[in-house]
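Step one of this worksheet: look at the structure below.
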Protein chains: 2
Amino acid sequence: MGDPTSSVLDVEDLATRVTAAIDGFVEAKVQVLERISPDLTSMAAALTELLSGGKRLRPAFCWWGWRAAGGNNSDAALIAASSLELLQASALIHDDVIDASDTRRGMPSVHRRFQAQHHSAHWHGSAKSFGMAAAILLGDACLAWVDEMYSESGLSGAVLDRGRPYLNLMKTEVMAGQFLDVLEQARGGGSVERALRVARYKSAKYTIERPLHLGGALAGAGSETLEAFTAYGLPLGEAFQLRDDILGIFGDPAETGKPAGDDLREGKRTVLIATAIDNATKEQANTINASLGNPHLRDAQITQLRDIIAATGSLAQAEALIEQRTTEALGALDRAPIDPAARATLADLATAATTRRS
Amino acid sequence: MGDPTSSVLDVEDLATRVTAAIDGFVEAKVQVLERISPDLTSMAAALTELLSGGKRLRPAFCWWGWRAAGGNNSDAALIAASSLELLQASALIHDDVIDASDTRRGMPSVHRRFQAQHHSAHWHGSAKSFGMAAAILLGDACLAWVDEMYSESGLSGAVLDRGRPYLNLMKTEVMAGQFLDVLEQARGGGSVERALRVARYKSAKYTIERPLHLGGALAGAGSETLEAFTAYGLPLGEAFQLRDDILGIFGDPAETGKPAGDDLREGKRTVLIATAIDNATKEQANTINASLGNPHLRDAQITQLRDIIAATGSLAQAEALIEQRTTEALGALDRAPIDPAARATLADLATAATTRRS
């Protein structure tokens, strides 16, 4: 690792390096927690487990933003990019509390894990409340640690200062996007337009555009490069989220690590759902609205909803839109004034992010 | 503001300046949120309201740590110190979710505020879940903004880097302390020793020692000064928390902004409660254990518990311990190698923090 003369690494090598950076940080944190009290061991274990998984997408886009703008093969930049995985961990832990999700990455979600600990220890009070409390606090800790990992990455103060505005914006935007998402589900009957706005903040900017901006800014990219990242990142992010919408309804549990039709039970007002309601007959729309958000949906009902979404042409429409947006992103990438090797990898990432099965 | 020739300001002037710094930051954030979507107005309003109140204790200790270590009357340092109020806002919002508290500073807590919004708008799903989700996300935003306000305070990068390890430690410790607190309440029957450990992390370090360290480190304090801050801060923090324990049970709702006996209904395993159980007869201990954490305690039951805590001598013991720890803190302050004017103000703050009625 850290050979400054090596050329651009491939995507799998990068994931290995990101994992090593995260492991190093998490191990140090586990020691800090256990020094405070052995009672924090359960928190440390939950942290270690959650951070061992994941697609490391945000670190990857941040890293390739750095490389695209001329950054070298620096371990310090890699650590700074990897700090985004802590932000993602925090968002997932809190998101699972908010959505009352039972599983994450095929394992019990953090709040359920602590709930089970409370239950099996026969402690006082509500096991559910205990699980929620522990998950809120662990999510807070992960969020607090983003800046710690970033600031202690080894990049110089002047370089870190260039990236901070983007890191900060990213955090504000993802929380705003999540709130708008919660609001959409509460208000119900949202438009495609409103669903697209949620997707833009919760996914396109958070997962792709801002990580690229952060990496680019760290490398000293000018406005032309940053704008090219937007031109690539926003349509790609929309395609990425549409793929997510499809997987949340049609995905294979063995690959997604989430129960079949999970988004339907959770009542997610995705772009795909909003499109289906727009396209549906009155009767079909009534069926969707009556079932959406029912946590006890049976398999037959899920199949019925899937059939409606396909029959209305909404699934095909979403697939076509994914292709169109991905093409748009790749076109912007072709025109971007960036390092050619990074360009090739960003093209690969675009395909991976939009054709994934989990 | 910002007259570099003025001498040390008094405590009230400081609170006014901290409030101005926070108002400035919050106004800018409100604009960012409203640019993202007018649907974020409710979030912005909750933020503005919560941050308009509070004792500003952590910024005050941070500021006087800075002054004590020779820092000048700098607006930039004041802004950096004020960022701690965002950390406190985040902790309070999440703490109120965790404790299911209805009020904060005499107003509805953030989650109850959003719950009421959901309820009166007749939205879909659970109003309670919506309130919780909004509060989790607003608390996250406040936590994310700590570093933003700190980094953009106007202090130089080199100065900010000196403070960051303390800011980071402070965040880890307060979350660890809160988790240990939740764990104590779940396990029940905790010892005085375990309650003291919670108090140390949740209050003494978080409210006093680390803010002083942060301010001192920003001003370039050496280890002798930082150790003096610990010698002053930890006993004072313990006294501060004991005062909190007393107010949580015996406080006047008109002054605390919390219902009478709130800690009893929430089942807080404070040092005062642990001491009372230690001192109690078996019958008294049974009464405490049976009532503690019952959210529906009637006024007569609260009076009965108060009487037991007083009759066992635990209240007097807590008052004596507050006096002893405050004296210890003031002794350490006398010996500290710090600016004399800051010493005088830190002595005043010690008295204010331990004799307060809210």
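Letters A, B, ... mark the chains of the structure tokens in the order given; residue numbers begin at 1 per chain; ligand numbers begin at 1, in order shown.
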
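The residues of chain B lying at most 7 Å from chain A, with only C-alpha atoms taken into account, are Ile98, Trp123, His124, Gly125, Ala133, Ala134, Leu137, Asp140, Ala141, Ala144, Glu148, Gly157, Asn168, Lys171, Thr172, Met175, Phe179, Ala186, Arg187 and Gly188 of chain B.
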
Next item on the list: DSSP on the backbone, then: every residue of stretch 90-148 of chain A marked strand (DSSP E or B), written as a VMD selection string.
Entry: chain A and resid 103 to 104 107 to 108

Could the residues in this selection be written to a file with N, CA, C and O atoms, as a PDB file, in the first residue's frame?
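The resulting again-v6.pdb:
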```pdb
ATOM      1  N   THR A 103     -33.489  -5.591   9.760  1.00  0.00           N
ATOM      2  CA  THR A 103     -32.215  -6.133   9.284  1.00  0.00           C
ATOM      3  C   THR A 103     -31.428  -5.083   8.504  1.00  0.00           C
ATOM      4  O   THR A 103     -31.996  -4.114   7.980  1.00  0.00           O
ATOM      5  N   ARG A 104     -30.152  -5.315   8.444  1.00  0.00           N
ATOM      6  CA  ARG A 104     -29.240  -4.469   7.667  1.00  0.00           C
ATOM      7  C   ARG A 104     -28.099  -5.360   7.225  1.00  0.00           C
ATOM      8  O   ARG A 104     -27.477  -6.023   8.053  1.00  0.00           O
ATOM      9  N   MET A 107     -27.959  -8.866   8.545  1.00  0.00           N
ATOM     10  CA  MET A 107     -27.817  -9.080   9.991  1.00  0.00           C
ATOM     11  C   MET A 107     -28.889  -8.246  10.701  1.00  0.00           C
ATOM     12  O   MET A 107     -29.472  -7.352  10.102  1.00  0.00           O
ATOM     13  N   PRO A 108     -29.112  -8.518  11.997  1.00  0.00           N
ATOM     14  CA  PRO A 108     -30.064  -7.655  12.709  1.00  0.00           C
ATOM     15  C   PRO A 108     -29.557  -6.206  12.693  1.00  0.00           C
ATOM     16  O   PRO A 108     -28.352  -5.975  12.785  1.00  0.00           O
TER      17      PRO A 108
END
```

Checklist line | alpha helix (DSSP H) residues, from DSSP on the backbone, in stretch 112-255 of chain B, as a PyMOL selection string | finding: chain B and resi 112-121+127-151+157-187+192-199+210-218+223-250+253-255

Item checked: Residue among B:Gly24, B:Gly53, B:Gly220, B:Gly248 lying closest to B:Ala69, counting only C-alpha atoms ->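 Smallest separation from B:Ala69 among the options: B:Gly220.
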
Residues within 12 Å of stretch 334-349 of chain B, only C-alpha atoms, excluding chain neighbours under 5 positions, as an mmCIF file with N, CA and C atoms, in the first residue's frame:
```cif
data_model
loop_
_atom_site.group_PDB
_atom_site.id
_atom_site.type_symbol
_atom_site.label_atom_id
_atom_site.label_comp_id
_atom_site.auth_asym_id
_atom_site.auth_seq_id
_atom_site.Cartn_x
_atom_site.Cartn_y
_atom_site.Cartn_z
ATOM 1 N N SER B 7 -10.708 44.449 28.801
ATOM 2 C CA SER B 7 -10.265 43.396 29.706
ATOM 3 C C SER B 7 -11.330 42.286 29.728
ATOM 4 N N VAL B 8 -11.156 41.351 30.601
ATOM 5 C CA VAL B 8 -12.062 40.202 30.679
ATOM 6 C C VAL B 8 -13.509 40.667 30.870
ATOM 7 N N LEU B 9 -14.388 40.073 30.157
ATOM 8 C CA LEU B 9 -15.803 40.453 30.239
ATOM 9 C C LEU B 9 -16.495 39.657 31.324
ATOM 10 N N ASP B 10 -17.586 40.168 31.820
ATOM 11 C CA ASP B 10 -18.251 39.390 32.865
ATOM 12 C C ASP B 10 -19.170 38.329 32.263
ATOM 13 N N VAL B 11 -19.708 37.500 33.128
ATOM 14 C CA VAL B 11 -20.406 36.294 32.690
ATOM 15 C C VAL B 11 -21.638 36.611 31.838
ATOM 16 N N GLU B 12 -22.351 37.664 32.205
ATOM 17 C CA GLU B 12 -23.553 38.001 31.432
ATOM 18 C C GLU B 12 -23.219 38.536 30.040
ATOM 19 N N LEU B 14 -20.732 37.715 28.377
ATOM 20 C CA LEU B 14 -20.298 36.574 27.582
ATOM 21 C C LEU B 14 -21.505 35.830 27.010
ATOM 22 N N LYS B 55 -28.165 27.710 29.249
ATOM 23 C CA LYS B 55 -27.273 28.467 30.131
ATOM 24 C C LYS B 55 -25.920 28.754 29.490
ATOM 25 N N ARG B 56 -25.659 28.167 28.331
ATOM 26 C CA ARG B 56 -24.398 28.424 27.609
ATOM 27 C C ARG B 56 -23.183 28.078 28.479
ATOM 28 N N LEU B 57 -23.312 27.042 29.305
ATOM 29 C CA LEU B 57 -22.238 26.709 30.243
ATOM 30 C C LEU B 57 -20.975 26.230 29.542
ATOM 31 N N ARG B 58 -21.148 25.371 28.531
ATOM 32 C CA ARG B 58 -19.963 24.795 27.887
ATOM 33 C C ARG B 58 -19.171 25.844 27.112
ATOM 34 N N ALA B 60 -19.069 28.884 27.952
ATOM 35 C CA ALA B 60 -18.454 29.728 28.990
ATOM 36 C C ALA B 60 -17.168 29.085 29.519
ATOM 37 N N PHE B 61 -17.224 27.787 29.839
ATOM 38 C CA PHE B 61 -16.007 27.153 30.353
ATOM 39 C C PHE B 61 -14.923 27.119 29.274
ATOM 40 N N CYS B 62 -15.321 26.896 28.041
ATOM 41 C CA CYS B 62 -14.333 26.896 26.956
ATOM 42 C C CYS B 62 -13.687 28.279 26.820
ATOM 43 N N TRP B 63 -14.517 29.301 26.850
ATOM 44 C CA TRP B 63 -14.010 30.671 26.718
ATOM 45 C C TRP B 63 -13.048 31.010 27.853
ATOM 46 N N TRP B 64 -13.433 30.655 29.087
ATOM 47 C CA TRP B 64 -12.564 31.009 30.216
ATOM 48 C C TRP B 64 -11.327 30.129 30.264
ATOM 49 N N GLY B 65 -11.399 28.950 29.662
ATOM 50 C CA GLY B 65 -10.187 28.145 29.498
ATOM 51 C C GLY B 65 -9.215 28.853 28.561
ATOM 52 N N TRP B 66 -9.771 29.397 27.502
ATOM 53 C CA TRP B 66 -8.995 30.177 26.525
ATOM 54 C C TRP B 66 -8.362 31.410 27.188
ATOM 55 N N ARG B 67 -9.173 32.182 27.909
ATOM 56 C CA ARG B 67 -8.688 33.398 28.576
ATOM 57 C C ARG B 67 -7.674 33.059 29.675
ATOM 58 N N ALA B 68 -7.986 32.000 30.413
ATOM 59 C CA ALA B 68 -7.105 31.600 31.522
ATOM 60 C C ALA B 68 -5.715 31.257 31.006
ATOM 61 N N ALA B 69 -5.657 30.691 29.804
ATOM 62 C CA ALA B 69 -4.369 30.286 29.234
ATOM 63 C C ALA B 69 -3.751 31.406 28.398
ATOM 64 N N GLY B 70 -4.273 32.619 28.536
ATOM 65 C CA GLY B 70 -3.633 33.759 27.880
ATOM 66 C C GLY B 70 -4.245 34.162 26.552
ATOM 67 N N GLY B 71 -5.362 33.510 26.157
ATOM 68 C CA GLY B 71 -6.025 33.893 24.907
ATOM 69 C C GLY B 71 -6.590 35.301 25.012
ATOM 70 N N ASN B 72 -6.584 36.044 23.908
ATOM 71 C CA ASN B 72 -7.080 37.427 23.954
ATOM 72 C C ASN B 72 -8.585 37.483 23.690
ATOM 73 N N ASN B 73 -9.109 38.685 23.703
ATOM 74 C CA ASN B 73 -10.562 38.848 23.565
ATOM 75 C C ASN B 73 -10.973 38.723 22.094
ATOM 76 N N ILE B 208 -17.506 20.547 31.939
ATOM 77 C CA ILE B 208 -16.501 21.454 32.514
ATOM 78 C C ILE B 208 -15.073 21.140 32.063
ATOM 79 N N LEU B 212 -12.920 23.376 29.120
ATOM 80 C CA LEU B 212 -11.734 24.110 29.577
ATOM 81 C C LEU B 212 -10.500 23.667 28.791
ATOM 82 N N GLY B 216 -8.252 25.996 26.518
ATOM 83 C CA GLY B 216 -6.834 26.080 26.872
ATOM 84 C C GLY B 216 -5.950 25.644 25.717
ATOM 85 N N ALA B 219 -5.561 28.107 23.043
ATOM 86 C CA ALA B 219 -4.652 29.195 23.421
ATOM 87 C C ALA B 219 -3.220 28.706 23.584
ATOM 88 N N ALA B 221 -2.112 26.233 25.726
ATOM 89 C CA ALA B 221 -1.765 25.908 27.115
ATOM 90 C C ALA B 221 -0.868 24.672 27.177
ATOM 91 N N GLY B 222 0.041 24.666 28.144
ATOM 92 C CA GLY B 222 0.897 23.506 28.378
ATOM 93 C C GLY B 222 0.212 22.517 29.302
ATOM 94 N N SER B 223 0.904 21.399 29.559
ATOM 95 C CA SER B 223 0.280 20.328 30.339
ATOM 96 C C SER B 223 -0.032 20.765 31.772
ATOM 97 N N GLU B 224 0.772 21.667 32.320
ATOM 98 C CA GLU B 224 0.518 22.089 33.711
ATOM 99 C C GLU B 224 -0.852 22.769 33.817
ATOM 100 N N THR B 225 -1.126 23.645 32.860
ATOM 101 C CA THR B 225 -2.421 24.336 32.867
ATOM 102 C C THR B 225 -3.564 23.357 32.622
ATOM 103 N N LEU B 226 -3.379 22.453 31.645
ATOM 104 C CA LEU B 226 -4.444 21.495 31.339
ATOM 105 C C LEU B 226 -4.731 20.595 32.545
ATOM 106 N N GLU B 227 -3.668 20.215 33.258
ATOM 107 C CA GLU B 227 -3.879 19.392 34.466
ATOM 108 C C GLU B 227 -4.596 20.192 35.557
ATOM 109 N N ALA B 228 -4.277 21.479 35.654
ATOM 110 C CA ALA B 228 -4.981 22.319 36.638
ATOM 111 C C ALA B 228 -6.469 22.403 36.298
ATOM 112 N N PHE B 229 -6.778 22.448 34.995
ATOM 113 C CA PHE B 229 -8.193 22.465 34.577
ATOM 114 C C PHE B 229 -8.896 21.173 35.011
ATOM 115 N N THR B 230 -8.184 20.051 34.920
ATOM 116 C CA THR B 230 -8.767 18.787 35.374
ATOM 117 C C THR B 230 -9.001 18.818 36.883
ATOM 118 N N ALA B 231 -8.002 19.329 37.613
ATOM 119 C CA ALA B 231 -8.103 19.366 39.085
ATOM 120 C C ALA B 231 -9.253 20.264 39.537
ATOM 121 N N TYR B 232 -9.544 21.281 38.764
ATOM 122 C CA TYR B 232 -10.684 22.165 39.048
ATOM 123 C C TYR B 232 -11.974 21.570 38.474
ATOM 124 N N GLY B 233 -11.880 21.056 37.260
ATOM 125 C CA GLY B 233 -13.084 20.689 36.514
ATOM 126 C C GLY B 233 -13.777 19.424 37.000
ATOM 127 N N LEU B 236 -15.585 19.943 40.435
ATOM 128 C CA LEU B 236 -16.677 20.894 40.187
ATOM 129 C C LEU B 236 -17.784 20.220 39.365
ATOM 130 N N GLY B 237 -17.371 19.416 38.398
ATOM 131 C CA GLY B 237 -18.347 18.712 37.575
ATOM 132 C C GLY B 237 -19.188 17.743 38.387
ATOM 133 N N PHE B 240 -21.581 19.836 40.251
ATOM 134 C CA PHE B 240 -22.584 20.306 39.296
ATOM 135 C C PHE B 240 -23.644 19.236 39.058
ATOM 136 N N THR B 326 -16.865 21.529 45.645
ATOM 137 C CA THR B 326 -16.692 22.893 45.170
ATOM 138 C C THR B 326 -15.459 23.524 45.832
ATOM 139 N N THR B 327 -15.296 23.277 47.133
ATOM 140 C CA THR B 327 -14.117 23.780 47.849
ATOM 141 C C THR B 327 -12.835 23.206 47.244
ATOM 142 N N GLU B 328 -12.892 21.909 46.940
ATOM 143 C CA GLU B 328 -11.745 21.239 46.309
ATOM 144 C C GLU B 328 -11.405 21.913 44.971
ATOM 145 N N ALA B 329 -12.448 22.162 44.178
ATOM 146 C CA ALA B 329 -12.254 22.796 42.869
ATOM 147 C C ALA B 329 -11.662 24.193 43.033
ATOM 148 N N THR B 354 -23.072 25.465 40.964
ATOM 149 C CA THR B 354 -23.410 24.550 42.056
ATOM 150 C C THR B 354 -24.501 25.086 42.977
ATOM 151 N N THR B 355 -24.867 26.358 42.809
ATOM 152 C CA THR B 355 -25.949 26.905 43.647
ATOM 153 C C THR B 355 -27.170 27.260 42.799
ATOM 154 N N ARG B 356 -27.118 26.894 41.512
ATOM 155 C CA ARG B 356 -28.206 27.275 40.599
ATOM 156 C C ARG B 356 -29.525 26.626 41.009
#
```

Note to self: I want to know what sits within 9 Å of A:Thr256, based on only C-alpha atoms, with residues of the same chain fewer than 4 positions away left out; could you give that as number ranges by chain?
What the structure shows: A: 105-106, 247-248, 251-252, 260, 357-358
